[in-house]
Amino acid sequence: MARILLIEDSPTETAVMTQLLERNGHQVIASASAEDGIAICRREKPDLVLMDVILPGMNGFQATRTLTRDAETAHIPILIVSTKGQDTDRVWGLRQGAKDYITKPPRESDLVARINALIGH
């Protein structure tokens, strides 16, 4: 079981992802904005961050860069989960420090496998 920070501004998407993650034995902390998510990440030190890209205010790419360049949170893997499915989006997300990138809606088995790979299970 991992503690996962979900940074997602859609209440529907948050509910769906939370159910999926909890069904697979994970604990979920949710945030609706990048700025709030960064503060929660620094405070809670989750095992993994699931990051949306399209967020109000700061976007997910900027938040990923902020977290991966902060000594307090740089060790926490970030998996971007976004509707932005272009190769350029994926490459840019990984260049910002994300460890993986998956497009929405992810297949449950694929998402769980990627999470397990990132948290070492």
# chains A, B, ... in the order shown; residues from 1 in each chain; ligands from 1
$ residues_around --residues "Arg90 in chain A" --least-positions-apart "5" --cutoff "12 Å" --atoms "only C-alpha atoms" --output "PyMOL selection string"
chain A and resi 53+61+79-85+95-103
$ select_by_dssp --residues "chain A" --states "alpha helix (DSSP H)" --output "JSON, numbers by chain"
{"A": [11, 12, 13, 14, 15, 16, 17, 18, 19, 20, 21, 22, 23, 34, 35, 36, 37, 38, 39, 40, 41, 42, 43, 44, 60, 61, 62, 63, 64, 65, 66, 67, 68, 87, 88, 89, 90, 91, 92, 93, 94, 95, 108, 109, 110, 111, 112, 113, 114, 115, 116, 117, 118, 119]}
$ closest_residue --among "A:Ile7, A:Ala113, A:Ile54, A:Leu21" --to "Glu35 in chain A" --atoms "only C-alpha atoms"
A:Ile7
$ residues_around --residues "Cys41 in chain A" --least-positions-apart "5" --cutoff "12 Å" --atoms "only C-alpha atoms" --output "ChimeraX atom specification"
/A:3-7,29-31,33-36,46-51,63-64,66-68,70,72-78
$ write_last_selection --atoms "N, CA and C atoms" --output "CSV table (one decimal), in the first residue's frame"
chain,number,residue,atom,x,y,z
A,3,ARG,N,0.9,5.7,-0.1
A,3,ARG,CA,0.2,6.9,0.1
A,3,ARG,C,0.4,7.7,-1.2
A,4,ILE,N,-0.7,8.0,-1.9
A,4,ILE,CA,-0.6,8.7,-3.2
A,4,ILE,C,-1.3,10.0,-3.1
A,5,LEU,N,-0.6,11.1,-3.5
A,5,LEU,CA,-1.1,12.4,-3.7
A,5,LEU,C,-1.7,12.5,-5.1
A,6,LEU,N,-3.0,12.8,-5.2
A,6,LEU,CA,-3.6,13.0,-6.5
A,6,LEU,C,-3.9,14.5,-6.7
A,7,ILE,N,-3.2,15.1,-7.7
A,7,ILE,CA,-3.4,16.5,-8.0
A,7,ILE,C,-4.3,16.5,-9.3
A,29,ILE,N,-4.6,11.0,-1.0
A,29,ILE,CA,-4.7,12.4,-0.5
A,29,ILE,C,-5.0,13.2,-1.8
A,30,ALA,N,-6.1,14.0,-1.9
A,30,ALA,CA,-6.4,14.7,-3.1
A,30,ALA,C,-6.2,16.2,-2.9
A,31,SER,N,-5.9,16.8,-4.1
A,31,SER,CA,-5.7,18.3,-4.1
A,31,SER,C,-6.2,18.7,-5.5
A,33,SER,N,-5.6,21.8,-6.9
A,33,SER,CA,-4.7,22.7,-7.6
A,33,SER,C,-3.3,22.4,-7.4
A,34,ALA,N,-2.4,22.8,-8.3
A,34,ALA,CA,-1.0,22.6,-8.2
A,34,ALA,C,-0.4,23.2,-7.0
A,35,GLU,N,-0.8,24.5,-6.7
A,35,GLU,CA,-0.2,25.2,-5.6
A,35,GLU,C,-0.5,24.5,-4.3
A,36,ASP,N,-1.7,24.0,-4.1
A,36,ASP,CA,-2.2,23.3,-2.9
A,36,ASP,C,-1.4,21.9,-2.9
A,46,PRO,N,4.1,12.1,0.4
A,46,PRO,CA,3.5,10.9,-0.1
A,46,PRO,C,4.6,10.0,-0.8
A,47,ASP,N,4.2,8.7,-1.1
A,47,ASP,CA,5.1,7.8,-1.7
A,47,ASP,C,5.1,8.1,-3.2
A,48,LEU,N,4.1,8.7,-3.8
A,48,LEU,CA,3.9,9.0,-5.2
A,48,LEU,C,3.0,10.1,-5.4
A,49,VAL,N,3.2,10.9,-6.5
A,49,VAL,CA,2.3,11.9,-6.9
A,49,VAL,C,1.7,11.6,-8.3
A,50,LEU,N,0.4,11.6,-8.4
A,50,LEU,CA,-0.3,11.5,-9.7
A,50,LEU,C,-0.7,12.9,-10.1
A,51,MET,N,-0.2,13.4,-11.2
A,51,MET,CA,-0.3,14.8,-11.5
A,51,MET,C,-1.0,15.0,-12.8
A,63,ALA,N,4.3,22.5,-11.8
A,63,ALA,CA,4.3,21.9,-10.5
A,63,ALA,C,5.3,20.7,-10.4
A,64,THR,N,5.3,19.9,-11.5
A,64,THR,CA,6.3,18.8,-11.5
A,64,THR,C,7.7,19.3,-11.4
A,66,THR,N,8.7,22.2,-10.1
A,66,THR,CA,8.8,22.7,-8.7
A,66,THR,C,9.2,21.6,-7.7
A,67,LEU,N,8.4,20.5,-7.8
A,67,LEU,CA,8.6,19.4,-6.8
A,67,LEU,C,9.9,18.6,-7.1
A,68,THR,N,10.3,18.4,-8.3
A,68,THR,CA,11.5,17.7,-8.6
A,68,THR,C,12.8,18.5,-8.4
A,70,ASP,N,13.0,20.6,-5.7
A,70,ASP,CA,13.0,20.9,-4.3
A,70,ASP,C,13.6,19.7,-3.6
A,72,GLU,N,13.4,18.7,-0.6
A,72,GLU,CA,12.4,18.1,0.3
A,72,GLU,C,11.6,17.0,-0.5
A,73,THR,N,11.3,17.3,-1.8
A,73,THR,CA,10.3,16.4,-2.5
A,73,THR,C,10.9,15.8,-3.7
A,74,ALA,N,12.2,16.0,-4.0
A,74,ALA,CA,12.8,15.5,-5.3
A,74,ALA,C,12.8,14.0,-5.4
A,75,HIS,N,12.8,13.3,-4.2
A,75,HIS,CA,12.8,11.8,-4.2
A,75,HIS,C,11.4,11.2,-4.5
A,76,ILE,N,10.4,12.0,-4.4
A,76,ILE,CA,9.0,11.4,-4.6
A,76,ILE,C,8.7,11.3,-6.1
A,77,PRO,N,8.4,10.1,-6.6
A,77,PRO,CA,8.2,10.0,-8.0
A,77,PRO,C,6.9,10.6,-8.4
A,78,ILE,N,6.9,11.2,-9.6
A,78,ILE,CA,5.6,11.8,-10.2
A,78,ILE,C,5.2,11.1,-11.4
$ select_by_dssp --residues "chain A" --states "strand (DSSP E or B)" --output "list in words"
Arg3, Ile4, Leu5, Leu6, Ile7, Gln27, Val28, Ile29, Ala30, Ser31, Leu48, Val49, Leu50, Met51, Ile78, Leu79, Ile80, Val81, Ser82, Asp100, Tyr101, Ile102 and Thr103 of chain A
$ write_last_selection --atoms "N, CA, C and O atoms" --output "JSON list (two decimals), in the first residue's frame"
[["chain", "number", "residue", "atom", "x", "y", "z"],
["A", 3, "ARG", "N", 0.91, 5.69, -0.08],
["A", 3, "ARG", "CA", 0.18, 6.94, 0.11],
["A", 3, "ARG", "C", 0.41, 7.75, -1.15],
["A", 3, "ARG", "O", 1.54, 8.08, -1.48],
["A", 4, "ILE", "N", -0.68, 8.02, -1.87],
["A", 4, "ILE", "CA", -0.60, 8.67, -3.17],
["A", 4, "ILE", "C", -1.28, 10.03, -3.11],
["A", 4, "ILE", "O", -2.44, 10.13, -2.69],
["A", 5, "LEU", "N", -0.56, 11.06, -3.55],
["A", 5, "LEU", "CA", -1.13, 12.40, -3.67],
["A", 5, "LEU", "C", -1.66, 12.54, -5.09],
["A", 5, "LEU", "O", -0.89, 12.41, -6.06],
["A", 6, "LEU", "N", -2.96, 12.79, -5.22],
["A", 6, "LEU", "CA", -3.61, 12.97, -6.51],
["A", 6, "LEU", "C", -3.87, 14.47, -6.71],
["A", 6, "LEU", "O", -4.64, 15.06, -5.95],
["A", 7, "ILE", "N", -3.21, 15.06, -7.68],
["A", 7, "ILE", "CA", -3.41, 16.47, -7.99],
["A", 7, "ILE", "C", -4.25, 16.53, -9.26],
["A", 7, "ILE", "O", -3.76, 16.29, -10.37],
["A", 27, "GLN", "N", -3.75, 4.48, -0.28],
["A", 27, "GLN", "CA", -4.37, 5.58, 0.45],
["A", 27, "GLN", "C", -4.22, 6.83, -0.41],
["A", 27, "GLN", "O", -3.13, 7.08, -0.94],
["A", 28, "VAL", "N", -5.30, 7.61, -0.56],
["A", 28, "VAL", "CA", -5.28, 8.76, -1.45],
["A", 28, "VAL", "C", -5.45, 10.07, -0.68],
["A", 28, "VAL", "O", -6.31, 10.19, 0.18],
["A", 29, "ILE", "N", -4.60, 11.02, -1.02],
["A", 29, "ILE", "CA", -4.72, 12.40, -0.54],
["A", 29, "ILE", "C", -4.99, 13.19, -1.82],
["A", 29, "ILE", "O", -4.24, 13.07, -2.79],
["A", 30, "ALA", "N", -6.07, 13.97, -1.85],
["A", 30, "ALA", "CA", -6.42, 14.69, -3.08],
["A", 30, "ALA", "C", -6.23, 16.19, -2.94],
["A", 30, "ALA", "O", -6.42, 16.76, -1.87],
["A", 31, "SER", "N", -5.85, 16.81, -4.06],
["A", 31, "SER", "CA", -5.70, 18.26, -4.14],
["A", 31, "SER", "C", -6.25, 18.72, -5.47],
["A", 31, "SER", "O", -6.02, 18.07, -6.49],
["A", 48, "LEU", "N", 4.07, 8.72, -3.76],
["A", 48, "LEU", "CA", 3.94, 8.96, -5.20],
["A", 48, "LEU", "C", 2.98, 10.12, -5.43],
["A", 48, "LEU", "O", 2.05, 10.30, -4.65],
["A", 49, "VAL", "N", 3.19, 10.86, -6.50],
["A", 49, "VAL", "CA", 2.26, 11.92, -6.90],
["A", 49, "VAL", "C", 1.70, 11.57, -8.28],
["A", 49, "VAL", "O", 2.45, 11.26, -9.20],
["A", 50, "LEU", "N", 0.37, 11.59, -8.39],
["A", 50, "LEU", "CA", -0.30, 11.50, -9.69],
["A", 50, "LEU", "C", -0.69, 12.92, -10.06],
["A", 50, "LEU", "O", -1.45, 13.57, -9.34],
["A", 51, "MET", "N", -0.16, 13.42, -11.16],
["A", 51, "MET", "CA", -0.27, 14.83, -11.53],
["A", 51, "MET", "C", -1.04, 15.02, -12.83],
["A", 51, "MET", "O", -0.66, 14.49, -13.87],
["A", 78, "ILE", "N", 6.85, 11.20, -9.61],
["A", 78, "ILE", "CA", 5.65, 11.83, -10.16],
["A", 78, "ILE", "C", 5.24, 11.10, -11.43],
["A", 78, "ILE", "O", 6.06, 10.90, -12.33],
["A", 79, "LEU", "N", 3.97, 10.69, -11.47],
["A", 79, "LEU", "CA", 3.38, 10.06, -12.65],
["A", 79, "LEU", "C", 2.35, 11.04, -13.18],
["A", 79, "LEU", "O", 1.37, 11.34, -12.51],
["A", 80, "ILE", "N", 2.59, 11.58, -14.37],
["A", 80, "ILE", "CA", 1.63, 12.50, -14.97],
["A", 80, "ILE", "C", 0.51, 11.69, -15.61],
["A", 80, "ILE", "O", 0.76, 10.72, -16.34],
["A", 81, "VAL", "N", -0.74, 12.08, -15.30],
["A", 81, "VAL", "CA", -1.93, 11.45, -15.87],
["A", 81, "VAL", "C", -2.71, 12.58, -16.54],
["A", 81, "VAL", "O", -3.28, 13.43, -15.86],
["A", 82, "SER", "N", -2.71, 12.60, -17.87],
["A", 82, "SER", "CA", -3.26, 13.76, -18.59],
["A", 82, "SER", "C", -4.00, 13.38, -19.85],
["A", 82, "SER", "O", -3.73, 12.35, -20.46],
["A", 100, "ASP", "N", 7.10, 9.03, -15.16],
["A", 100, "ASP", "CA", 6.29, 8.33, -16.15],
["A", 100, "ASP", "C", 5.15, 9.25, -16.57],
["A", 100, "ASP", "O", 4.89, 10.27, -15.92],
["A", 101, "TYR", "N", 4.48, 8.88, -17.67],
["A", 101, "TYR", "CA", 3.42, 9.71, -18.25],
["A", 101, "TYR", "C", 2.40, 8.77, -18.85],
["A", 101, "TYR", "O", 2.76, 7.87, -19.60],
["A", 102, "ILE", "N", 1.14, 8.95, -18.49],
["A", 102, "ILE", "CA", 0.07, 8.09, -19.02],
["A", 102, "ILE", "C", -1.10, 8.98, -19.41],
["A", 102, "ILE", "O", -1.35, 9.99, -18.76],
["A", 103, "THR", "N", -1.79, 8.61, -20.49],
["A", 103, "THR", "CA", -2.92, 9.44, -20.93],
["A", 103, "THR", "C", -4.23, 8.95, -20.29],
["A", 103, "THR", "O", -4.38, 7.77, -19.97]]
$ decode --residues "range 13-27 of chain A" --atoms "all heavy atoms" --output "short mmCIF file (atom, residue, chain, number, x, y, z; two decimals), in the first residue's frame"
data_model
loop_
_atom_site.label_atom_id
_atom_site.label_comp_id
_atom_site.auth_asym_id
_atom_site.auth_seq_id
_atom_site.Cartn_x
_atom_site.Cartn_y
_atom_site.Cartn_z
N GLU A 13 -13.19 13.16 -11.97
CA GLU A 13 -11.93 12.42 -12.20
C GLU A 13 -11.29 12.04 -10.86
O GLU A 13 -10.77 10.93 -10.71
CB GLU A 13 -11.00 13.32 -13.01
CG GLU A 13 -9.90 12.64 -13.76
CD GLU A 13 -10.35 11.75 -14.90
OE1 GLU A 13 -11.26 12.10 -15.66
OE2 GLU A 13 -9.75 10.67 -15.02
N THR A 14 -11.35 12.94 -9.89
CA THR A 14 -10.80 12.66 -8.56
C THR A 14 -11.52 11.49 -7.92
O THR A 14 -10.89 10.58 -7.38
CB THR A 14 -10.90 13.92 -7.65
OG1 THR A 14 -10.11 14.96 -8.24
CG2 THR A 14 -10.39 13.63 -6.25
N ALA A 15 -12.85 11.47 -8.02
CA ALA A 15 -13.65 10.39 -7.43
C ALA A 15 -13.33 9.04 -8.10
O ALA A 15 -13.12 8.03 -7.42
CB ALA A 15 -15.14 10.70 -7.54
N VAL A 16 -13.26 9.04 -9.43
CA VAL A 16 -12.98 7.81 -10.18
C VAL A 16 -11.58 7.28 -9.83
O VAL A 16 -11.40 6.09 -9.55
CB VAL A 16 -13.11 8.05 -11.71
CG1 VAL A 16 -12.56 6.89 -12.51
CG2 VAL A 16 -14.58 8.31 -12.06
N MET A 17 -10.59 8.17 -9.86
CA MET A 17 -9.21 7.76 -9.58
C MET A 17 -9.06 7.30 -8.12
O MET A 17 -8.35 6.34 -7.85
CB MET A 17 -8.24 8.91 -9.88
CG MET A 17 -8.15 9.25 -11.34
SD MET A 17 -7.26 8.03 -12.29
CE MET A 17 -5.59 8.51 -11.89
N THR A 18 -9.72 8.00 -7.19
CA THR A 18 -9.63 7.62 -5.78
C THR A 18 -10.20 6.22 -5.58
O THR A 18 -9.58 5.39 -4.91
CB THR A 18 -10.38 8.66 -4.90
OG1 THR A 18 -9.73 9.92 -5.05
CG2 THR A 18 -10.35 8.25 -3.43
N GLN A 19 -11.35 5.94 -6.18
CA GLN A 19 -11.95 4.59 -6.07
C GLN A 19 -11.01 3.53 -6.64
O GLN A 19 -10.79 2.49 -6.02
CB GLN A 19 -13.28 4.53 -6.83
CG GLN A 19 -14.43 5.19 -6.09
CD GLN A 19 -15.73 5.08 -6.87
OE1 GLN A 19 -15.74 4.92 -8.10
NE2 GLN A 19 -16.84 5.18 -6.16
N LEU A 20 -10.44 3.81 -7.81
CA LEU A 20 -9.53 2.87 -8.45
C LEU A 20 -8.32 2.60 -7.55
O LEU A 20 -7.94 1.44 -7.34
CB LEU A 20 -9.09 3.45 -9.80
CG LEU A 20 -8.18 2.62 -10.69
CD1 LEU A 20 -8.31 3.10 -12.13
CD2 LEU A 20 -6.73 2.68 -10.28
N LEU A 21 -7.72 3.66 -7.02
CA LEU A 21 -6.52 3.51 -6.19
C LEU A 21 -6.83 2.80 -4.87
O LEU A 21 -6.09 1.91 -4.46
CB LEU A 21 -5.89 4.88 -5.94
CG LEU A 21 -5.34 5.57 -7.19
CD1 LEU A 21 -5.06 7.03 -6.90
CD2 LEU A 21 -4.10 4.87 -7.70
N GLU A 22 -7.93 3.16 -4.24
CA GLU A 22 -8.30 2.53 -2.96
C GLU A 22 -8.65 1.06 -3.17
O GLU A 22 -8.32 0.22 -2.34
CB GLU A 22 -9.45 3.29 -2.30
CG GLU A 22 -8.98 4.63 -1.74
CD GLU A 22 -10.10 5.47 -1.12
OE1 GLU A 22 -11.30 5.16 -1.33
OE2 GLU A 22 -9.76 6.45 -0.42
N ARG A 23 -9.30 0.75 -4.29
CA ARG A 23 -9.64 -0.64 -4.62
C ARG A 23 -8.36 -1.49 -4.75
O ARG A 23 -8.36 -2.68 -4.50
CB ARG A 23 -10.44 -0.65 -5.92
CG ARG A 23 -10.93 -2.01 -6.36
CD ARG A 23 -11.96 -1.94 -7.48
NE ARG A 23 -11.49 -1.26 -8.67
CZ ARG A 23 -12.06 -0.16 -9.19
NH1 ARG A 23 -13.11 0.39 -8.63
NH2 ARG A 23 -11.58 0.38 -10.29
N ASN A 24 -7.27 -0.82 -5.11
CA ASN A 24 -5.99 -1.52 -5.26
C ASN A 24 -5.10 -1.36 -4.03
O ASN A 24 -3.89 -1.58 -4.10
CB ASN A 24 -5.29 -1.04 -6.53
CG ASN A 24 -5.94 -1.64 -7.77
OD1 ASN A 24 -5.66 -2.78 -8.12
ND2 ASN A 24 -6.83 -0.90 -8.41
N GLY A 25 -5.69 -0.95 -2.91
CA GLY A 25 -4.98 -0.95 -1.63
C GLY A 25 -4.20 0.31 -1.30
O GLY A 25 -3.41 0.31 -0.36
N HIS A 26 -4.39 1.38 -2.06
CA HIS A 26 -3.63 2.61 -1.79
C HIS A 26 -4.44 3.62 -1.00
O HIS A 26 -5.66 3.62 -1.05
CB HIS A 26 -3.16 3.24 -3.11
CG HIS A 26 -2.28 2.33 -3.91
ND1 HIS A 26 -1.04 1.92 -3.47
CD2 HIS A 26 -2.48 1.72 -5.11
CE1 HIS A 26 -0.50 1.11 -4.38
NE2 HIS A 26 -1.35 0.97 -5.37
N GLN A 27 -3.75 4.48 -0.28
CA GLN A 27 -4.37 5.58 0.45
C GLN A 27 -4.22 6.83 -0.41
O GLN A 27 -3.13 7.08 -0.94
CB GLN A 27 -3.66 5.76 1.79
CG GLN A 27 -4.21 6.86 2.65
CD GLN A 27 -3.37 7.07 3.91
OE1 GLN A 27 -2.56 6.23 4.28
NE2 GLN A 27 -3.56 8.19 4.55
#
